[in-house]
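Asker: So here's query_20.cif, just mmCIF, C-alpha atoms and all ligand atoms:
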```
data_input
loop_
_atom_site.label_atom_id
_atom_site.label_comp_id
_atom_site.auth_asym_id
_atom_site.auth_seq_id
_atom_site.Cartn_x
_atom_site.Cartn_y
_atom_site.Cartn_z
CA MET L 1 15.53 -9.91 -12.23
CA ALA L 2 14.19 -7.01 -10.15
CA THR L 3 12.06 -7.65 -7.06
CA ALA L 4 8.92 -5.91 -5.80
CA PHE L 5 7.72 -6.19 -2.19
CA ILE L 6 4.06 -5.38 -1.57
CA THR L 7 2.72 -5.23 2.00
CA GLY L 8 -0.79 -6.49 2.76
CA SER L 9 -0.94 -8.29 -0.59
CA ALA L 10 -3.02 -11.41 0.12
CA ARG L 11 -6.14 -9.70 -1.22
CA GLY L 12 -7.68 -6.43 -2.42
CA ILE L 13 -5.59 -3.67 -3.93
CA GLY L 14 -2.30 -5.22 -2.73
CA ALA L 15 -2.98 -8.52 -4.53
CA ALA L 16 -3.92 -6.67 -7.75
CA ILE L 17 -0.70 -4.63 -7.56
CA ALA L 18 1.37 -7.78 -6.96
CA LEU L 19 -0.16 -9.53 -9.98
CA ARG L 20 0.33 -6.47 -12.20
CA LEU L 21 3.98 -6.09 -11.18
CA ALA L 22 4.47 -9.83 -11.86
CA LYS L 23 3.07 -9.24 -15.38
CA ASP L 24 5.61 -6.38 -15.66
CA GLY L 25 8.37 -8.95 -14.95
CA PHE L 26 9.19 -8.38 -11.27
CA ASN L 27 9.82 -11.22 -8.84
CA ILE L 28 7.27 -10.78 -6.08
CA ALA L 29 7.60 -10.76 -2.28
CA LEU L 30 4.07 -11.01 -0.92
CA ASN L 31 3.20 -10.10 2.67
CA ASP L 32 0.26 -10.31 5.00
CA ILE L 33 -0.40 -10.50 8.72
CA SER L 34 -1.14 -14.25 8.87
CA GLU L 35 -0.97 -17.47 6.85
CA ALA L 36 -4.75 -17.60 7.09
CA MET L 37 -5.01 -14.58 4.77
CA PHE L 38 -3.53 -16.74 1.98
CA GLU L 39 -5.92 -19.66 2.52
CA ASP L 40 -8.67 -20.02 -0.10
CA ASN L 41 -6.86 -17.63 -2.39
CA ASP L 42 -4.71 -18.33 -5.42
CA ILE L 43 -2.64 -15.16 -5.62
CA MET L 44 0.69 -17.04 -5.40
CA GLU L 45 -0.31 -19.45 -8.19
CA LYS L 46 -1.50 -16.60 -10.40
CA ILE L 47 1.79 -14.75 -9.91
CA LYS L 48 3.93 -17.85 -10.56
CA ALA L 49 1.92 -18.47 -13.74
CA GLU L 50 3.44 -15.21 -15.04
CA GLY L 51 6.85 -16.95 -14.98
CA VAL L 52 8.35 -14.96 -12.09
CA GLU L 53 9.43 -16.07 -8.63
CA CYS L 54 7.10 -15.44 -5.73
CA GLU L 55 7.28 -16.03 -2.01
CA LYS L 56 5.15 -14.91 0.93
CA PHE L 57 6.54 -13.32 4.09
CA ILE L 58 4.18 -13.29 7.07
CA CYS L 59 4.72 -10.18 9.19
CA ASP L 60 2.75 -7.59 11.15
CA VAL L 61 4.03 -4.48 9.43
CA SER L 62 3.26 -2.35 12.48
CA SER L 63 6.06 -4.17 14.36
CA PHE L 64 9.45 -2.47 13.98
CA ALA L 65 11.40 -5.63 14.91
CA ASP L 66 9.38 -7.95 12.63
CA SER L 67 9.62 -5.49 9.75
CA GLU L 68 13.42 -5.47 10.05
CA LYS L 69 13.56 -9.30 10.06
CA THR L 70 11.22 -9.53 7.09
CA VAL L 71 13.14 -7.06 4.96
CA LYS L 72 16.36 -8.96 5.73
CA ALA L 73 14.71 -12.24 4.73
CA ILE L 74 13.43 -10.79 1.43
CA LYS L 75 16.86 -9.37 0.58
CA GLU L 76 18.47 -12.75 1.32
CA ARG L 77 15.89 -14.61 -0.79
CA PHE L 78 15.89 -12.32 -3.84
CA GLY L 79 19.22 -10.44 -3.67
CA SER L 80 17.67 -6.97 -4.11
CA ILE L 81 14.48 -5.04 -3.34
CA ASP L 82 13.75 -2.67 -6.21
CA VAL L 83 10.15 -1.67 -5.54
CA LEU L 84 8.42 -1.27 -2.17
CA VAL L 85 4.66 -0.77 -2.13
CA ASN L 86 3.42 0.25 1.32
CA ASN L 87 -0.14 -0.99 0.87
CA ALA L 88 -1.20 -2.69 4.14
CA GLY L 89 -3.93 -0.70 5.84
CA ILE L 90 -7.00 -1.02 8.04
CA THR L 91 -10.05 1.03 9.03
CA ARG L 92 -11.65 1.28 12.48
CA ASP L 93 -14.27 3.93 11.68
CA GLY L 94 -16.31 5.94 14.17
CA LEU L 95 -17.29 9.52 14.83
CA LEU L 96 -14.78 11.45 16.93
CA ALA L 97 -17.16 11.66 19.90
CA ARG L 98 -17.30 7.87 20.05
CA MET L 99 -13.87 6.84 18.79
CA SER L 100 -11.83 4.96 21.41
CA GLU L 101 -8.14 5.40 22.08
CA GLU L 102 -7.62 1.81 20.96
CA GLN L 103 -9.36 2.49 17.62
CA TYR L 104 -7.11 5.49 17.07
CA ASP L 105 -3.82 3.87 18.12
CA MET L 106 -4.39 0.71 16.13
CA VAL L 107 -4.99 2.50 12.83
CA VAL L 108 -1.94 4.71 13.39
CA ALA L 109 0.23 1.66 14.11
CA VAL L 110 -0.85 -0.33 11.06
CA ASN L 111 -1.29 2.42 8.46
CA GLN L 112 1.37 4.92 9.45
CA LYS L 113 4.10 3.33 11.54
CA SER L 114 4.36 0.53 8.99
CA VAL L 115 5.39 3.09 6.37
CA PHE L 116 8.15 4.32 8.69
CA ASN L 117 9.29 0.74 9.41
CA MET L 118 9.39 -0.51 5.84
CA SER L 119 10.66 2.71 4.23
CA LYS L 120 13.53 2.77 6.74
CA PHE L 121 14.67 -0.83 6.27
CA VAL L 122 14.02 -1.11 2.53
CA GLY L 123 15.24 2.47 2.00
CA ASN L 124 18.64 1.52 3.47
CA ILE L 125 18.94 -1.27 0.91
CA MET L 126 17.81 0.98 -1.95
CA MET L 127 20.28 3.71 -0.96
CA ARG L 128 23.12 1.17 -1.15
CA GLN L 129 21.76 -0.05 -4.52
CA ARG L 130 21.54 3.60 -5.64
CA SER L 131 18.14 2.83 -7.13
CA GLY L 132 14.63 2.01 -5.99
CA ARG L 133 10.98 2.95 -6.06
CA ILE L 134 8.81 3.43 -2.99
CA ILE L 135 5.07 3.75 -3.61
CA ASN L 136 2.72 4.50 -0.72
CA LEU L 137 -1.05 3.99 -0.53
CA ALA L 138 -2.54 7.23 0.77
CA SER L 139 -6.24 8.04 0.28
CA VAL L 140 -8.49 10.92 -0.70
CA ALA L 141 -9.51 10.81 3.01
CA GLY L 142 -6.00 12.10 3.81
CA VAL L 143 -6.39 15.00 1.37
CA TYR L 144 -9.98 16.12 2.04
CA GLY L 145 -10.83 14.48 5.40
CA ASN L 146 -13.78 12.14 5.90
CA ALA L 147 -16.40 12.14 8.66
CA GLY L 148 -16.02 9.02 10.81
CA GLN L 149 -12.39 8.54 9.87
CA MET L 150 -10.31 10.85 12.07
CA ASN L 151 -7.86 8.01 12.75
CA TYR L 152 -7.68 6.83 9.13
CA SER L 153 -7.49 10.28 7.52
CA ALA L 154 -4.75 11.27 9.99
CA THR L 155 -2.63 8.33 8.84
CA LYS L 156 -3.26 8.97 5.16
CA ALA L 157 -2.37 12.66 5.49
CA ALA L 158 0.76 11.61 7.37
CA ILE L 159 1.68 9.27 4.53
CA ILE L 160 1.62 12.22 2.13
CA GLY L 161 4.10 14.10 4.34
CA MET L 162 6.22 10.98 4.72
CA THR L 163 6.24 10.45 0.93
CA LYS L 164 7.57 13.95 0.28
CA THR L 165 10.17 13.63 3.05
CA VAL L 166 11.47 10.29 1.77
CA ALA L 167 11.55 11.73 -1.78
CA LYS L 168 13.76 14.58 -0.49
CA GLU L 169 16.03 12.36 1.63
CA LEU L 170 16.59 9.56 -0.88
CA GLY L 171 16.36 11.40 -4.20
CA SER L 172 20.09 11.97 -4.54
CA ARG L 173 20.61 8.19 -4.26
CA GLY L 174 18.38 7.42 -7.22
CA VAL L 175 15.37 6.40 -5.11
CA THR L 176 11.95 7.86 -5.93
CA CYS L 177 9.01 7.96 -3.54
CA ASN L 178 5.44 8.71 -4.61
CA ALA L 179 1.95 8.15 -3.25
CA VAL L 180 -1.32 7.17 -4.87
CA ALA L 181 -4.52 8.41 -3.25
CA PRO L 182 -7.41 6.13 -4.20
CA GLY L 183 -11.01 7.23 -3.89
CA PHE L 184 -13.69 4.59 -3.49
CA ILE L 185 -12.34 1.24 -4.74
CA LYS L 186 -14.35 -2.00 -4.61
CA THR L 187 -12.52 -4.27 -2.10
CA PRO L 188 -13.33 -6.20 1.12
CA MET L 189 -12.44 -2.98 3.00
CA THR L 190 -15.17 -0.94 1.30
CA ASP L 191 -17.72 -3.82 1.20
CA LYS L 192 -18.28 -2.97 4.87
CA LEU L 193 -19.90 0.40 4.02
CA THR L 194 -23.71 0.72 4.08
CA GLU L 195 -25.76 1.17 0.87
CA GLU L 196 -26.52 4.73 2.02
CA GLN L 197 -22.81 5.53 2.39
CA LYS L 198 -22.07 3.99 -1.01
CA ASN L 199 -24.83 6.01 -2.75
CA MET L 200 -23.58 9.21 -1.12
CA MET L 201 -20.04 8.55 -2.42
CA LEU L 202 -21.29 7.76 -5.92
CA GLY L 203 -23.00 11.16 -6.09
CA GLN L 204 -19.62 12.86 -5.62
CA ILE L 205 -17.71 10.91 -8.29
CA ALA L 206 -17.45 12.63 -11.70
CA MET L 207 -17.19 9.28 -13.52
CA LYS L 208 -20.27 7.91 -11.66
CA ARG L 209 -18.66 4.56 -10.92
CA PHE L 210 -16.56 3.09 -8.15
CA GLY L 211 -12.97 2.23 -8.93
CA ASP L 212 -11.58 -1.23 -9.54
CA VAL L 213 -8.39 -2.63 -8.00
CA ASP L 214 -6.83 -2.64 -11.49
CA ASP L 215 -7.35 1.14 -11.70
CA ILE L 216 -4.85 1.41 -8.82
CA ALA L 217 -2.50 -1.34 -10.04
CA GLY L 218 -2.05 0.38 -13.42
CA VAL L 219 -0.85 3.64 -11.89
CA VAL L 220 1.46 1.81 -9.46
CA SER L 221 2.88 -0.12 -12.43
CA PHE L 222 3.66 3.21 -14.14
CA LEU L 223 5.33 4.61 -10.99
CA ALA L 224 7.48 1.45 -10.78
CA SER L 225 8.42 1.63 -14.48
CA LYS L 226 11.39 3.25 -16.24
CA ASP L 227 9.02 5.88 -17.66
CA ALA L 228 8.46 7.31 -14.16
CA GLY L 229 12.17 7.67 -13.35
CA TYR L 230 11.97 11.46 -12.92
CA VAL L 231 8.69 11.50 -10.95
CA THR L 232 9.12 11.83 -7.19
CA GLY L 233 7.36 13.31 -4.17
CA GLN L 234 3.99 13.29 -5.98
CA VAL L 235 0.52 12.27 -4.87
CA ILE L 236 -1.62 10.91 -7.70
CA GLU L 237 -5.34 10.78 -6.98
CA ILE L 238 -7.12 7.81 -8.53
CA SER L 239 -10.70 8.60 -7.70
CA GLY L 240 -12.72 8.98 -10.88
CA GLY L 241 -12.75 12.70 -10.12
CA ILE L 242 -13.97 12.97 -6.54
CA MET L 243 -14.00 16.45 -4.91
CA MET L 244 -12.05 18.26 -7.62
P1 LIG L 301 -8.09 -4.82 2.26
O1 LIG L 301 -8.58 -4.84 3.66
O2 LIG L 301 -8.86 -5.55 1.22
O3 LIG L 301 -6.57 -5.33 2.20
C1 LIG L 301 -5.61 -4.89 3.11
C2 LIG L 301 -4.65 -6.03 3.38
O4 LIG L 301 -3.70 -5.59 4.37
C3 LIG L 301 -5.35 -7.27 3.96
O5 LIG L 301 -4.93 -8.42 3.26
C4 LIG L 301 -4.90 -7.28 5.41
O6 LIG L 301 -4.86 -8.56 6.01
C5 LIG L 301 -3.52 -6.63 5.31
N1 LIG L 301 -3.08 -6.12 6.62
C6 LIG L 301 -3.83 -5.47 7.53
N2 LIG L 301 -3.09 -5.22 8.63
C7 LIG L 301 -1.84 -5.71 8.39
C8 LIG L 301 -0.64 -5.76 9.16
N3 LIG L 301 -0.58 -5.24 10.39
N4 LIG L 301 0.45 -6.35 8.60
C9 LIG L 301 0.38 -6.89 7.36
N5 LIG L 301 -0.73 -6.88 6.61
C10 LIG L 301 -1.83 -6.30 7.11
O7 LIG L 301 -7.92 -3.29 1.87
P2 LIG L 301 -7.78 -2.56 0.44
O8 LIG L 301 -9.06 -1.89 0.16
O9 LIG L 301 -7.18 -3.47 -0.57
O10 LIG L 301 -6.74 -1.40 0.82
C11 LIG L 301 -5.35 -1.44 0.50
C12 LIG L 301 -4.75 -0.07 0.78
O11 LIG L 301 -5.41 0.91 -0.02
C13 LIG L 301 -4.92 0.40 2.24
O12 LIG L 301 -3.76 1.09 2.63
C14 LIG L 301 -6.11 1.33 2.15
O13 LIG L 301 -6.10 2.27 3.19
C15 LIG L 301 -5.88 1.96 0.79
N6 LIG L 301 -7.09 2.56 0.23
C16 LIG L 301 -8.19 1.78 -0.09
C17 LIG L 301 -9.32 2.37 -0.61
C18 LIG L 301 -10.52 1.59 -1.02
O14 LIG L 301 -11.51 2.21 -1.45
N7 LIG L 301 -10.52 0.25 -0.93
C19 LIG L 301 -9.40 3.83 -0.78
C20 LIG L 301 -8.21 4.54 -0.40
C21 LIG L 301 -7.11 3.90 0.08
#
```
Please express the file's structure as structure tokens.
Ligand code: NAI
Answerer:
Amino acid sequence: MATAFITGSARGIGAAIALRLAKDGFNIALNDISEAMFEDNDIMEKIKAEGVECEKFICDVSSFADSEKTVKAIKERFGSIDVLVNNAGITRDGLLARMSEEQYDMVVAVNQKSVFNMSKFVGNIMMRQRSGRIINLASVAGVYGNAGQMNYSATKAAIIGMTKTVAKELGSRGVTCNAVAPGFIKTPMTDKLTEEQKNMMLGQIAMKRFGDVDDIAGVVSFLASKDAGYVTGQVIEISGGIMM
């Protein structure tokens, strides 16, 4: 049975992707930064109820050394890694004039370096397998920019460049790499926004509703499926038609 590894999957979009890929028949390697993220949540039980195997691997994906150890542990546990979803991400918003160096560096480490770490270690396994799917979580903020998110939009734009580079480097070995760029999706990350910010966003969305985590999981499921075997290096916006 094929295995999917989803970073930052204790909650939010990552958890929805993990559950959807379990429904698609993948064994699931969950990840988050601490055990505590899995307390008071039943994501493992829900996944196991789909009749697939599931295990969690605690790791700070911004750490190169820990990422290497984690990928090795997943390969030993499941035998292969067929799908990698680089989903873990954080925000530390603030206008440029007030953004600290720490705010900037932290977002770069978690959102961007993690994609380097995991793509490198999992990519090596996929190249040897001569098959694999890497799916990265970018954002519309990386395509259009977003006031108050210089750090975040920098990482999401970088992810788009990284996606195309990995697609070019690994394509001849049967590995595809694509990105999804969500707009405004209802999760704990976006719950932090003010009502004013939320109303402003809504005004820009053609479909006049915020997205749901399952809107993202469905597209990721397609990119991981046989049907998407000839799709690589693409960025699919899932935004209800924001900023077209
Ligand atoms: P979330 O905050 O609900 O979930 C992110 C998960 O990543 C959390 O479980 C968190 O503990 C984990 N995480 C954070 N740092 C980590 C680290 N160093 N190592 C391992 N795990 C870590 O966020 P959400 O909304 O589910 O976002 C998921 C992805 O989708 C992120 O990459 C985000 O940038 C992206 N995205 C989200 C949008 C939204 O509207 N919610 C819009 C565009 C992109």
Asker: What is the distance between CA of Phe210 in chain L and CA of Lys164 in chain L, in Å to one decimal?
Answerer: 27.8 Å
Asker: Would you name the residues within 7 Å of ligand LIG 301 (chain L), counting only C-alpha atoms and all ligand atoms, and put them as a compact mmCIF listing (two decimals) with C-alpha atoms, in the coordinates of the input?
Answerer:
```txt
# COMPACT_ATOMS: atom_id res chain seq x y z
CA THR L 7 2.72 -5.23 2.00
CA GLY L 8 -0.79 -6.49 2.76
CA SER L 9 -0.94 -8.29 -0.59
CA ALA L 10 -3.02 -11.41 0.12
CA ARG L 11 -6.14 -9.70 -1.22
CA GLY L 12 -7.68 -6.43 -2.42
CA ILE L 13 -5.59 -3.67 -3.93
CA GLY L 14 -2.30 -5.22 -2.73
CA ASN L 31 3.20 -10.10 2.67
CA ASP L 32 0.26 -10.31 5.00
CA ILE L 33 -0.40 -10.50 8.72
CA MET L 37 -5.01 -14.58 4.77
CA CYS L 59 4.72 -10.18 9.19
CA ASP L 60 2.75 -7.59 11.15
CA VAL L 61 4.03 -4.48 9.43
CA SER L 62 3.26 -2.35 12.48
CA ASN L 87 -0.14 -0.99 0.87
CA ALA L 88 -1.20 -2.69 4.14
CA GLY L 89 -3.93 -0.70 5.84
CA ILE L 90 -7.00 -1.02 8.04
CA VAL L 110 -0.85 -0.33 11.06
CA ASN L 111 -1.29 2.42 8.46
CA LEU L 137 -1.05 3.99 -0.53
CA ALA L 138 -2.54 7.23 0.77
CA SER L 139 -6.24 8.04 0.28
CA VAL L 140 -8.49 10.92 -0.70
CA ALA L 181 -4.52 8.41 -3.25
CA PRO L 182 -7.41 6.13 -4.20
CA GLY L 183 -11.01 7.23 -3.89
CA PHE L 184 -13.69 4.59 -3.49
CA ILE L 185 -12.34 1.24 -4.74
CA LYS L 186 -14.35 -2.00 -4.61
CA THR L 187 -12.52 -4.27 -2.10
CA PRO L 188 -13.33 -6.20 1.12
CA MET L 189 -12.44 -2.98 3.00
CA THR L 190 -15.17 -0.94 1.30
```
Asker: For each of L:Ser100, L:Gln112, L:Ser34, L:Asn27, take the minimum atom-to-atom distance to Gly79 in chain L, counting all atoms listed in the file, then give the residue where this is smallest.
Answerer: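 Ranked by minimum distance to Gly79 in chain L, first place goes to L:Asn27.
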Asker: Within 7 Å of Leu84 in chain L, counting all atoms listed in the file, which residues qualify if same-chain residues fewer than 3 places away don't, as a list in words?
Answerer: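 Here the answer would be Ala4, Phe5, Ile6, Arg133, Ile134 and Ile135 of chain L.
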Asker: Residues near Glu35 in chain L, anyone? I mean within 7 Å using all atoms listed in the file, not counting same-chain ones fewer than 3 positions away, as a list in words.
Answerer: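 My reading of the contact set: Phe38, Glu39 and Ile58 of chain L.
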Asker: Would you mind telling me which residue in L:Met118, L:Val219, L:Leu19, L:Val108 lies nearest to Glu50 in chain L when using all atoms listed in the file?
Answerer: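 Of L:Met118, L:Val219, L:Leu19, L:Val108, the one nearest Glu50 in chain L is L:Leu19, counting all atoms listed in the file.
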Asker: Which one is closest to Leu95 in chain L: L:Phe222, L:Tyr230, L:Tyr152, L:Phe26? Count all atoms listed in the file.
Answerer: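 Of all the options, L:Tyr152 lies closest to Leu95 in chain L.
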Asker: Compile the contact shell of range 101-103 of chain L as a PyMOL selection string: residues with an atom at most 6 Å away, counting only C-alpha atoms, same-chain residues fewer than 2 positions apart removed.
Answerer: chain L and resi 92+105-106
Asker: When you look at range 223-227 of chain L with a cut-off of 12 Å (counting only C-alpha atoms), what residues show up, excluding the ones that are within fewer than 4 positions of it in the same chain? I need them as number ranges by chain.
Answerer: L: 2-6, 17-18, 20-22, 24-26, 82-85, 131-136, 175-180, 216-219, 231-236
Asker: Those same residues - C-alpha atoms - I'd like them written as an mmCIF file, in the coordinates of the input.
Answerer:
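Writing the result to out.cif gives the following:
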```cif
data_model
loop_
_atom_site.group_PDB
_atom_site.id
_atom_site.type_symbol
_atom_site.label_atom_id
_atom_site.label_comp_id
_atom_site.auth_asym_id
_atom_site.auth_seq_id
_atom_site.Cartn_x
_atom_site.Cartn_y
_atom_site.Cartn_z
ATOM 1 C CA ALA L 2 14.190 -7.010 -10.150
ATOM 2 C CA THR L 3 12.060 -7.650 -7.060
ATOM 3 C CA ALA L 4 8.920 -5.910 -5.800
ATOM 4 C CA PHE L 5 7.720 -6.190 -2.190
ATOM 5 C CA ILE L 6 4.060 -5.380 -1.570
ATOM 6 C CA ILE L 17 -0.700 -4.630 -7.560
ATOM 7 C CA ALA L 18 1.370 -7.780 -6.960
ATOM 8 C CA ARG L 20 0.330 -6.470 -12.200
ATOM 9 C CA LEU L 21 3.980 -6.090 -11.180
ATOM 10 C CA ALA L 22 4.470 -9.830 -11.860
ATOM 11 C CA ASP L 24 5.610 -6.380 -15.660
ATOM 12 C CA GLY L 25 8.370 -8.950 -14.950
ATOM 13 C CA PHE L 26 9.190 -8.380 -11.270
ATOM 14 C CA ASP L 82 13.750 -2.670 -6.210
ATOM 15 C CA VAL L 83 10.150 -1.670 -5.540
ATOM 16 C CA LEU L 84 8.420 -1.270 -2.170
ATOM 17 C CA VAL L 85 4.660 -0.770 -2.130
ATOM 18 C CA SER L 131 18.140 2.830 -7.130
ATOM 19 C CA GLY L 132 14.630 2.010 -5.990
ATOM 20 C CA ARG L 133 10.980 2.950 -6.060
ATOM 21 C CA ILE L 134 8.810 3.430 -2.990
ATOM 22 C CA ILE L 135 5.070 3.750 -3.610
ATOM 23 C CA ASN L 136 2.720 4.500 -0.720
ATOM 24 C CA VAL L 175 15.370 6.400 -5.110
ATOM 25 C CA THR L 176 11.950 7.860 -5.930
ATOM 26 C CA CYS L 177 9.010 7.960 -3.540
ATOM 27 C CA ASN L 178 5.440 8.710 -4.610
ATOM 28 C CA ALA L 179 1.950 8.150 -3.250
ATOM 29 C CA VAL L 180 -1.320 7.170 -4.870
ATOM 30 C CA ILE L 216 -4.850 1.410 -8.820
ATOM 31 C CA ALA L 217 -2.500 -1.340 -10.040
ATOM 32 C CA GLY L 218 -2.050 0.380 -13.420
ATOM 33 C CA VAL L 219 -0.850 3.640 -11.890
ATOM 34 C CA VAL L 231 8.690 11.500 -10.950
ATOM 35 C CA THR L 232 9.120 11.830 -7.190
ATOM 36 C CA GLY L 233 7.360 13.310 -4.170
ATOM 37 C CA GLN L 234 3.990 13.290 -5.980
ATOM 38 C CA VAL L 235 0.520 12.270 -4.870
ATOM 39 C CA ILE L 236 -1.620 10.910 -7.700
#
```
Asker: Find the distance between CA of Gly240 in chain L and CA of Asn146 in chain L and write it in Å to one decimal.
Answerer: 17.1 Å
Asker: So how many Å separate CA of Ile125 in chain L and CA of Leu170 in chain L, to one decimal?
Answerer: 11.2 Å
Asker: For Gly142 in chain L, which residue out of L:Leu202, L:Ser114, L:Thr165, L:Glu237 is the nearest one, using all atoms listed in the file?
Answerer: L:Glu237
Asker: Report the centre and edge lengths, in Å to one decimal, of an axis-aligned box enclosing every atom of range 189-193 of chain L listed in the file, padded by 8 Å on each side, as lines of an AutoDock Vina configuration file.
Answerer:
```
center_x = -16.2
center_y = -1.7
center_z = 3.0
size_x = 23.5
size_y = 20.2
size_z = 19.7
```
Asker: For the point (-17.9, 8.7, -7.6) in file coordinates, what residues are within 9 Å, counting all atoms listed in the file? Give the answer as a list in words?
Answerer: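 The residues near that point, listed by chain and number, are Gly183, Phe184, Asn199, Met200, Met201, Leu202, Gly203, Gln204, Ile205, Ala206, Met207, Lys208, Arg209, Phe210, Gly211, Ser239, Gly240, Gly241 and Ile242 of chain L.
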Asker: Smallest atom-to-atom distance to Thr163 in chain L: which of L:Ala15, L:Asn86, L:Ile81, L:Glu45, using all atoms listed in the file?
Answerer: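 Among L:Ala15, L:Asn86, L:Ile81, L:Glu45, it is L:Asn86 that comes nearest to Thr163 in chain L.
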